[in-house]
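Q: File input.cif follows (mmCIF, C-alpha atoms):
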```cif
data_run
loop_
_atom_site.group_PDB
_atom_site.id
_atom_site.type_symbol
_atom_site.label_atom_id
_atom_site.label_comp_id
_atom_site.auth_asym_id
_atom_site.auth_seq_id
_atom_site.Cartn_x
_atom_site.Cartn_y
_atom_site.Cartn_z
ATOM 1 C CA MET A 660 10.494 -9.744 -7.966
ATOM 2 C CA SER A 661 12.710 -12.716 -8.614
ATOM 3 C CA TRP A 662 11.790 -14.489 -5.346
ATOM 4 C CA PHE A 663 8.183 -14.513 -6.467
ATOM 5 C CA ARG A 664 9.171 -16.590 -9.476
ATOM 6 C CA ARG A 665 10.006 -20.266 -9.345
ATOM 7 C CA ARG A 666 13.594 -21.336 -9.856
ATOM 8 C CA SER A 667 14.018 -22.092 -13.512
ATOM 9 C CA ASN A 668 16.489 -21.515 -16.285
ATOM 10 C CA ALA A 669 13.642 -20.955 -18.719
ATOM 11 C CA PRO A 670 13.003 -17.358 -19.787
ATOM 12 C CA LEU A 671 10.210 -15.445 -18.039
ATOM 13 C CA TRP A 672 7.853 -15.593 -21.012
ATOM 14 C CA LYS A 673 7.882 -19.404 -20.865
ATOM 15 C CA ASP A 674 6.741 -19.226 -17.257
ATOM 16 C CA GLU A 675 4.002 -16.718 -17.920
ATOM 17 C CA PHE A 676 2.801 -18.062 -21.242
ATOM 18 C CA SER A 677 2.321 -21.586 -22.490
ATOM 19 C CA VAL A 678 2.086 -22.780 -26.084
ATOM 20 C CA PHE A 679 0.026 -25.751 -24.878
ATOM 21 C CA THR A 680 -3.661 -25.050 -24.415
ATOM 22 C CA ALA A 681 -3.940 -27.498 -21.503
ATOM 23 C CA ASP A 682 -1.189 -25.698 -19.600
ATOM 24 C CA GLU A 683 -2.997 -22.380 -19.814
ATOM 25 C CA ARG A 684 -5.262 -23.516 -16.979
ATOM 26 C CA TYR A 685 -2.207 -23.786 -14.767
ATOM 27 C CA VAL A 686 -0.750 -20.472 -15.840
ATOM 28 C CA ALA A 687 -4.074 -18.697 -15.277
ATOM 29 C CA ARG A 688 -4.505 -20.219 -11.810
ATOM 30 C CA ARG A 689 -0.944 -19.456 -10.778
ATOM 31 C CA GLN A 690 -1.216 -15.867 -11.931
ATOM 32 C CA PHE A 691 -4.559 -15.391 -10.194
ATOM 33 C CA THR A 692 -3.066 -16.849 -7.023
ATOM 34 C CA LYS A 693 -0.164 -14.410 -7.324
ATOM 35 C CA PHE A 694 -2.660 -11.558 -7.653
ATOM 36 C CA LEU A 695 -4.506 -12.735 -4.522
ATOM 37 C CA THR A 696 -1.237 -13.019 -2.599
ATOM 38 C CA LEU A 697 -0.206 -9.504 -3.598
ATOM 39 C CA THR A 698 -3.638 -8.268 -2.469
ATOM 40 C CA SER A 699 -3.027 -10.026 0.850
ATOM 41 C CA PHE A 700 0.303 -8.195 1.081
ATOM 42 C CA ALA A 701 -1.517 -4.896 0.451
ATOM 43 C CA MET A 702 -3.884 -5.671 3.363
ATOM 44 C CA PHE A 703 -0.888 -6.442 5.577
ATOM 45 C CA ALA A 704 0.783 -3.179 4.490
ATOM 46 C CA GLY A 705 -2.416 -1.335 5.446
ATOM 47 C CA ASN A 706 -2.336 -2.830 8.940
ATOM 48 C CA VAL A 707 1.363 -1.943 9.297
ATOM 49 C CA TRP A 708 0.542 1.626 8.205
ATOM 50 C CA ILE A 709 -2.114 1.885 10.929
ATOM 51 C CA LEU A 710 0.396 0.494 13.440
ATOM 52 C CA ALA A 711 3.029 3.049 12.369
ATOM 53 C CA ARG A 712 0.509 5.876 12.593
ATOM 54 C CA SER A 713 -0.554 4.859 16.097
ATOM 55 C CA LEU A 714 3.052 4.490 17.304
ATOM 56 C CA LEU A 715 4.287 7.757 15.800
ATOM 57 C CA ARG A 716 1.231 9.796 16.696
ATOM 58 C CA GLN A 717 1.848 12.801 18.895
ATOM 59 C CA PRO A 718 -0.892 13.658 21.396
ATOM 60 C CA PRO A 719 -2.707 16.758 20.132
ATOM 61 C CA ARG A 720 -2.476 19.991 22.087
ATOM 62 C CA TYR A 721 -5.622 21.984 22.589
ATOM 63 C CA SER A 722 -6.005 25.556 23.647
ATOM 64 C CA ALA A 723 -8.837 26.836 25.802
ATOM 65 C CA GLN A 724 -11.479 28.746 23.913
ATOM 66 C CA THR A 725 -14.498 30.635 25.196
ATOM 67 C CA VAL A 726 -17.600 29.241 23.562
ATOM 68 C CA ALA A 727 -20.487 31.113 25.136
ATOM 69 C CA ALA A 728 -21.619 32.884 28.230
ATOM 70 C CA ALA A 729 -23.403 30.736 30.797
ATOM 71 C CA GLY A 730 -27.120 31.399 30.530
ATOM 72 C CA GLU A 731 -26.796 32.699 26.995
ATOM 73 C CA ILE A 732 -28.550 29.599 25.692
ATOM 74 C CA PRO A 733 -32.017 28.536 26.951
ATOM 75 C CA ILE A 734 -32.499 25.018 28.310
ATOM 76 C CA GLY A 735 -32.810 22.732 25.288
ATOM 77 C CA GLY A 736 -31.157 25.341 23.117
ATOM 78 C CA VAL A 737 -27.983 25.008 21.092
ATOM 79 C CA LYS A 738 -25.084 27.102 19.943
ATOM 80 C CA LEU A 739 -22.756 26.289 17.077
ATOM 81 C CA PHE A 740 -19.065 27.020 17.341
ATOM 82 C CA SER A 741 -15.753 25.851 15.910
ATOM 83 C CA TYR A 742 -13.121 24.012 17.946
ATOM 84 C CA PRO A 743 -10.151 23.441 17.926
ATOM 85 C CA THR A 744 -9.815 25.025 14.461
ATOM 86 C CA ALA A 745 -12.206 27.006 12.302
ATOM 87 C CA GLU A 746 -12.678 23.887 10.136
ATOM 88 C CA ASP A 747 -14.045 21.811 13.041
ATOM 89 C CA PRO A 748 -17.723 22.662 13.582
ATOM 90 C CA CYS A 749 -19.142 21.777 16.994
ATOM 91 C CA ILE A 750 -22.504 21.945 18.671
ATOM 92 C CA LEU A 751 -23.133 23.020 22.276
ATOM 93 C CA VAL A 752 -26.381 21.882 23.896
ATOM 94 C CA ARG A 753 -27.766 23.090 27.192
ATOM 95 C CA THR A 754 -29.376 19.994 28.680
ATOM 96 C CA GLY A 755 -30.273 21.349 32.091
ATOM 97 C CA ASP A 756 -30.131 24.324 34.349
ATOM 98 C CA ALA A 757 -26.375 24.141 34.752
ATOM 99 C CA SER A 758 -25.427 21.287 32.480
ATOM 100 C CA TYR A 759 -23.957 21.672 29.032
ATOM 101 C CA VAL A 760 -22.603 19.150 26.568
ATOM 102 C CA ALA A 761 -20.704 19.776 23.352
ATOM 103 C CA TYR A 762 -19.819 17.463 20.485
ATOM 104 C CA SER A 763 -18.207 17.637 17.114
ATOM 105 C CA GLN A 764 -20.920 18.417 14.605
ATOM 106 C CA LYS A 765 -19.459 16.081 11.993
ATOM 107 C CA CYS A 766 -21.314 12.782 11.810
ATOM 108 C CA THR A 767 -18.846 9.905 12.177
ATOM 109 C CA HIS A 768 -20.439 8.207 9.178
ATOM 110 C CA LEU A 769 -19.888 10.618 6.287
ATOM 111 C CA SER A 770 -19.303 13.958 8.057
ATOM 112 C CA CYS A 771 -22.740 15.491 7.541
ATOM 113 C CA ALA A 772 -23.649 18.124 10.132
ATOM 114 C CA VAL A 773 -25.683 16.720 13.025
ATOM 115 C CA TYR A 774 -28.358 18.811 14.730
ATOM 116 C CA TYR A 775 -30.118 18.606 18.084
ATOM 117 C CA SER A 776 -33.679 17.339 18.139
ATOM 118 C CA LYS A 777 -35.319 18.735 21.269
ATOM 119 C CA GLU A 778 -38.418 16.544 20.875
ATOM 120 C CA GLN A 779 -36.406 13.317 20.719
ATOM 121 C CA ASN A 780 -33.606 14.630 22.965
ATOM 122 C CA ARG A 781 -30.908 13.296 20.656
ATOM 123 C CA LEU A 782 -28.477 14.453 18.008
ATOM 124 C CA GLU A 783 -29.607 13.534 14.524
ATOM 125 C CA CYS A 784 -27.826 13.299 11.217
ATOM 126 C CA PRO A 785 -30.266 14.135 8.414
ATOM 127 C CA CYS A 786 -28.225 12.462 5.661
ATOM 128 C CA HIS A 787 -28.603 8.794 6.639
ATOM 129 C CA GLN A 788 -30.709 8.944 9.815
ATOM 130 C CA GLY A 789 -27.866 8.368 12.238
ATOM 131 C CA PHE A 790 -28.903 9.206 15.806
ATOM 132 C CA PHE A 791 -26.572 9.943 18.721
ATOM 133 C CA SER A 792 -27.231 10.135 22.456
ATOM 134 C CA VAL A 793 -27.058 13.675 23.774
ATOM 135 C CA ALA A 794 -25.825 12.323 27.108
ATOM 136 C CA ASP A 795 -22.572 10.786 25.875
ATOM 137 C CA GLY A 796 -22.536 11.025 22.071
ATOM 138 C CA SER A 797 -22.871 7.262 21.581
ATOM 139 C CA VAL A 798 -24.634 5.871 18.522
ATOM 140 C CA LEU A 799 -28.309 5.104 19.103
ATOM 141 C CA GLN A 800 -29.270 4.104 15.605
ATOM 142 C CA GLY A 801 -28.159 4.262 12.000
ATOM 143 C CA PRO A 802 -25.030 3.653 9.956
ATOM 144 C CA PRO A 803 -22.406 5.472 12.111
ATOM 145 C CA GLN A 804 -20.098 3.049 13.910
ATOM 146 C CA ARG A 805 -18.403 5.520 16.227
ATOM 147 C CA ALA A 806 -19.602 7.979 18.827
ATOM 148 C CA LEU A 807 -19.333 11.706 18.250
ATOM 149 C CA PRO A 808 -16.082 13.180 19.610
ATOM 150 C CA ARG A 809 -16.941 15.049 22.779
ATOM 151 C CA ILE A 810 -15.729 18.576 23.478
ATOM 152 C CA VAL A 811 -14.907 18.969 27.168
ATOM 153 C CA VAL A 812 -16.552 22.200 28.313
ATOM 154 C CA GLU A 813 -15.873 23.801 31.667
ATOM 155 C CA GLN A 814 -17.722 26.631 33.313
ATOM 156 C CA SER A 815 -15.530 29.409 34.663
ATOM 157 C CA GLY A 816 -16.435 32.934 35.646
ATOM 158 C CA GLY A 817 -19.784 32.821 33.896
ATOM 159 C CA GLN A 818 -18.155 31.622 30.685
ATOM 160 C CA LEU A 819 -18.286 28.243 28.998
ATOM 161 C CA ILE A 820 -14.789 27.284 27.910
ATOM 162 C CA ALA A 821 -13.887 24.456 25.529
ATOM 163 C CA MET A 822 -10.823 22.712 26.959
ATOM 164 C CA ARG A 823 -10.074 19.722 24.713
ATOM 165 C CA VAL A 824 -11.530 17.115 22.376
ATOM 166 C CA GLN A 825 -12.240 13.738 23.911
ATOM 167 C CA GLU A 826 -11.874 11.377 20.960
ATOM 168 C CA GLU A 827 -12.126 8.112 22.864
ATOM 169 C CA SER A 828 -15.474 6.604 21.988
ATOM 170 C CA VAL A 829 -17.848 5.279 24.605
ATOM 171 C CA MET B 1109 -10.601 -44.770 -7.296
ATOM 172 C CA ASN B 1110 -7.514 -43.339 -8.906
ATOM 173 C CA GLY B 1111 -8.879 -42.565 -12.325
ATOM 174 C CA ASN B 1112 -8.102 -38.869 -11.995
ATOM 175 C CA PRO B 1113 -5.143 -38.066 -14.268
ATOM 176 C CA PRO B 1114 -2.184 -36.242 -12.640
ATOM 177 C CA GLN B 1115 -2.927 -33.086 -14.656
ATOM 178 C CA ASN B 1116 -6.414 -32.817 -13.165
ATOM 179 C CA ARG B 1117 -5.198 -33.712 -9.680
ATOM 180 C CA GLY B 1118 -2.809 -30.793 -9.901
ATOM 181 C CA LEU B 1119 -5.682 -28.540 -10.901
ATOM 182 C CA THR B 1120 -7.792 -29.741 -7.982
ATOM 183 C CA ALA B 1121 -4.952 -29.003 -5.551
ATOM 184 C CA MET B 1122 -4.521 -25.535 -7.037
ATOM 185 C CA ASP B 1123 -8.256 -24.839 -6.841
ATOM 186 C CA GLY B 1124 -8.289 -25.882 -3.186
ATOM 187 C CA ALA B 1125 -5.353 -23.616 -2.410
ATOM 188 C CA MET B 1126 -7.037 -20.731 -4.225
ATOM 189 C CA VAL B 1127 -10.235 -21.144 -2.224
ATOM 190 C CA LEU B 1128 -8.197 -21.124 1.000
ATOM 191 C CA ILE B 1129 -6.405 -17.939 -0.077
ATOM 192 C CA VAL B 1130 -9.734 -16.269 -0.881
ATOM 193 C CA VAL B 1131 -11.057 -17.171 2.596
ATOM 194 C CA LEU B 1132 -7.889 -15.809 4.242
ATOM 195 C CA LEU B 1133 -8.136 -12.662 2.137
ATOM 196 C CA ILE B 1134 -11.739 -12.045 3.204
ATOM 197 C CA VAL B 1135 -10.650 -12.340 6.851
ATOM 198 C CA GLN B 1136 -7.771 -9.935 6.172
ATOM 199 C CA ILE B 1137 -10.050 -7.357 4.531
ATOM 200 C CA TRP B 1138 -12.426 -7.545 7.488
ATOM 201 C CA LEU B 1139 -9.471 -7.253 9.891
ATOM 202 C CA LEU B 1140 -8.145 -4.155 8.124
ATOM 203 C CA SER B 1141 -11.526 -2.424 8.153
ATOM 204 C CA ALA B 1142 -12.103 -3.303 11.826
ATOM 205 C CA THR B 1143 -8.624 -2.098 12.801
ATOM 206 C CA LEU B 1144 -9.083 1.143 10.889
ATOM 207 C CA GLU B 1145 -12.476 1.711 12.482
ATOM 208 C CA SER B 1146 -11.022 1.169 15.951
ATOM 209 C CA TYR B 1147 -8.021 3.382 15.195
ATOM 210 C CA LEU B 1148 -10.280 6.217 14.056
ATOM 211 C CA ALA B 1149 -12.411 5.732 17.169
ATOM 212 C CA GLY B 1150 -9.338 6.363 19.317
ATOM 213 C CA HIS B 1151 -8.547 2.760 20.313
ATOM 214 C CA ARG B 1152 -4.887 2.725 19.336
ATOM 215 C CA ASP B 1153 -4.025 -0.481 21.212
ATOM 216 C CA VAL B 1154 -5.686 -2.697 18.589
ATOM 217 C CA ALA B 1155 -3.096 -1.767 15.954
ATOM 218 C CA VAL B 1156 -0.430 -4.189 17.247
ATOM 219 C CA PRO B 1157 -2.540 -7.396 17.317
ATOM 220 C CA GLY B 1158 -4.146 -6.329 14.031
ATOM 221 C CA ALA B 1159 -0.760 -6.043 12.308
ATOM 222 C CA ILE B 1160 0.495 -9.338 13.791
ATOM 223 C CA ILE B 1161 -2.594 -11.321 12.750
ATOM 224 C CA SER B 1162 -2.570 -9.714 9.306
ATOM 225 C CA GLY B 1163 1.104 -10.697 8.944
ATOM 226 C CA VAL B 1164 0.308 -14.302 9.883
ATOM 227 C CA LEU B 1165 -2.530 -14.386 7.330
ATOM 228 C CA PHE B 1166 -0.222 -12.952 4.662
ATOM 229 C CA ALA B 1167 2.404 -15.601 5.499
ATOM 230 C CA ALA B 1168 -0.256 -18.290 5.084
ATOM 231 C CA CYS B 1169 -1.274 -16.819 1.704
ATOM 232 C CA LEU B 1170 2.375 -16.734 0.632
ATOM 233 C CA ALA B 1171 2.849 -20.363 1.676
ATOM 234 C CA LEU B 1172 -0.210 -21.371 -0.345
ATOM 235 C CA TYR B 1173 1.081 -19.403 -3.326
ATOM 236 C CA LEU B 1174 4.421 -21.212 -3.115
ATOM 237 C CA PHE B 1175 2.494 -24.482 -2.936
ATOM 238 C CA VAL B 1176 0.544 -23.562 -6.088
ATOM 239 C CA ASN B 1177 3.804 -22.563 -7.753
ATOM 240 C CA ARG B 1178 5.342 -25.914 -6.901
ATOM 241 C CA VAL B 1179 2.337 -27.897 -8.122
ATOM 242 C CA ASP B 1180 2.369 -25.922 -11.361
ATOM 243 C CA SER B 1181 6.089 -26.499 -11.768
ATOM 244 C CA GLU B 1182 5.879 -30.247 -11.105
ATOM 245 C CA VAL B 1183 2.833 -30.954 -13.247
ATOM 246 C CA ARG B 1184 3.944 -28.923 -16.239
ATOM 247 C CA LYS B 1185 7.456 -30.309 -16.069
ATOM 248 C CA GLY B 1186 6.236 -33.881 -15.718
#
```
What would the structure in this file look like if it were written as structure tokens?
A:
Amino acid sequence: MSWFRRRSNAPLWKDEFSVFTADERYVARRQFTKFLTLTSFAMFAGNVWILARSLLRQPPRYSAQTVAAAGEIPIGGVKLFSYPTAEDPCILVRTGDASYVAYSQKCTHLSCAVYYSKEQNRLECPCHQGFFSVADGSVLQGPPQRALPRIVVEQSGGQLIAMRVQEESV
Amino acid sequence: MNGNPPQNRGLTAMDGAMVLIVVLLIVQIWLLSATLESYLAGHRDVAVPGAIISGVLFAACLALYLFVNRVDSEVRKG
């Protein structure tokens, strides 16, 4: 990149290498500064990439999928299922007589499978002790920074139907 | 006190600029990780201010690099 080099008629090697020992301190500092500036450019490019991804992102389309029959699971019980694809494990928890909640089973830290702890009434990740609220999927404790994506479940005709994934964290 | 020779004064200026760039870079790394975390959490509206601030920080780093380049050029020439 010629604009990254100072204006000089001297050949490139004279800029990047000095025969004088005292000048080496300058060359080393200038080159290190160039490295830092290029790293700064890489950080900027990363932010632009995130911006492009968020601008070009199409809203996902979800199809309805029957998960379980109402009453199939006891209160405090769970059922595992996959939604929206077979590679997306989810966990359905019956929290009350007619209340059900479902979340992605992948921990938002490092994607370990979370499980429901009935005694603590929370979702727990066994890998790094990340705990999530069963009420809304928010992080209670541990290394995860984001809530579990919630699966919107509706009850219809005695069936529990997964409608969509609610990715917005609480 | 002006007993500092021009060669060393140039080095001091370059060291100061380098420290500033390192500080800006640390802020930029934090900004990128925070923006990515928010993006993955579904908050897409943070991407625009994140990119703008990161661009400003990069421009500041570039200005400091050009300053270091100029100091190097002047001291080694003189």
Q: When the cut-off is 8 Å and we count all atoms listed in the file, which residues of chain A are near chain B, given as a PyMOL selection string?
A: chain A and resi 665+682+684-686+688-689+692-693+695-696+698-700+702-703+705-707+709-710+713+804-806+826-828
Q: Box along x, y and z, 5 Å on every side, all listed atoms of segment 1151-1156 of chain B inside: centre and edge lengths in Å to one decimal, as lines of an AutoDock Vina configuration file.
A:
```
center_x = -4.5
center_y = -0.7
center_z = 18.6
size_x = 18.1
size_y = 16.9
size_z = 15.3
```
Q: Separation of atom CA of Ile810 of chain A and atom CA of Trp708 of chain A, in Å?
A: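 Distance between the two atoms: 28.0 Å.
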Q: What does the distance between atom CA of Cys749 of chain A and atom CA of Lys765 of chain A come to in Å, to one decimal place?
A: 7.6 Å
Q: Output the residue selection produced by the PyMOL selection byres ((chain A and resi 787-802) around 12) on the file above, formatted as number ranges by chain.
A: A: 735, 737, 750-755, 758-777, 779-786, 803-811, 825-829; B: 1149
Q: List as a list in words the protein and nucleic acid residues near Gly817 of chain A, meaning an atom at most 6 Å away when only C-alpha atoms are counted, but skip any in the same chain fewer than 2 places from it.
A: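 In the requested form, the answer reads Ala728, Ala729 and Ser815 of chain A.
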Q: Got a sec: who's within 10 Å of Gln818 of chain A, counting all atoms listed in the file, leaving out chain neighbours fewer than 6 positions off, as a ChimeraX atom specification?
A: /A:724-731,812
Q: Complete segment 1118-1131 of chain B with N, CA and C atoms (output as an mmCIF file, in the frame of the given file).
A:
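Written output follows (result.cif):
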```
data_model
loop_
_atom_site.group_PDB
_atom_site.id
_atom_site.type_symbol
_atom_site.label_atom_id
_atom_site.label_comp_id
_atom_site.auth_asym_id
_atom_site.auth_seq_id
_atom_site.Cartn_x
_atom_site.Cartn_y
_atom_site.Cartn_z
ATOM 1 N N GLY B 1118 -3.530 -32.049 -10.139
ATOM 2 C CA GLY B 1118 -2.809 -30.793 -9.901
ATOM 3 C C GLY B 1118 -3.763 -29.608 -9.900
ATOM 4 N N LEU B 1119 -4.700 -29.631 -10.836
ATOM 5 C CA LEU B 1119 -5.682 -28.540 -10.901
ATOM 6 C C LEU B 1119 -6.549 -28.498 -9.663
ATOM 7 N N THR B 1120 -6.958 -29.681 -9.184
ATOM 8 C CA THR B 1120 -7.792 -29.741 -7.982
ATOM 9 C C THR B 1120 -7.041 -29.169 -6.780
ATOM 10 N N ALA B 1121 -5.765 -29.533 -6.663
ATOM 11 C CA ALA B 1121 -4.952 -29.003 -5.551
ATOM 12 C C ALA B 1121 -4.842 -27.483 -5.643
ATOM 13 N N MET B 1122 -4.641 -26.990 -6.865
ATOM 14 C CA MET B 1122 -4.521 -25.535 -7.037
ATOM 15 C C MET B 1122 -5.840 -24.840 -6.715
ATOM 16 N N ASP B 1123 -6.948 -25.441 -7.137
ATOM 17 C CA ASP B 1123 -8.256 -24.839 -6.841
ATOM 18 C C ASP B 1123 -8.500 -24.779 -5.335
ATOM 19 N N GLY B 1124 -8.129 -25.862 -4.648
ATOM 20 C CA GLY B 1124 -8.289 -25.882 -3.186
ATOM 21 C C GLY B 1124 -7.461 -24.798 -2.519
ATOM 22 N N ALA B 1125 -6.224 -24.653 -2.983
ATOM 23 C CA ALA B 1125 -5.353 -23.616 -2.410
ATOM 24 C C ALA B 1125 -5.922 -22.229 -2.684
ATOM 25 N N MET B 1126 -6.457 -22.036 -3.872
ATOM 26 C CA MET B 1126 -7.037 -20.731 -4.225
ATOM 27 C C MET B 1126 -8.227 -20.391 -3.342
ATOM 28 N N VAL B 1127 -9.070 -21.381 -3.096
ATOM 29 C CA VAL B 1127 -10.235 -21.144 -2.224
ATOM 30 C C VAL B 1127 -9.770 -20.753 -0.822
ATOM 31 N N LEU B 1128 -8.731 -21.458 -0.333
ATOM 32 C CA LEU B 1128 -8.197 -21.124 1.000
ATOM 33 C C LEU B 1128 -7.663 -19.698 1.032
ATOM 34 N N ILE B 1129 -6.954 -19.303 -0.028
ATOM 35 C CA ILE B 1129 -6.405 -17.939 -0.077
ATOM 36 C C ILE B 1129 -7.541 -16.916 -0.080
ATOM 37 N N VAL B 1130 -8.598 -17.199 -0.827
ATOM 38 C CA VAL B 1130 -9.734 -16.269 -0.881
ATOM 39 C C VAL B 1130 -10.351 -16.108 0.514
ATOM 40 N N VAL B 1131 -10.497 -17.233 1.238
ATOM 41 C CA VAL B 1131 -11.057 -17.171 2.596
ATOM 42 C C VAL B 1131 -10.153 -16.324 3.503
#
```
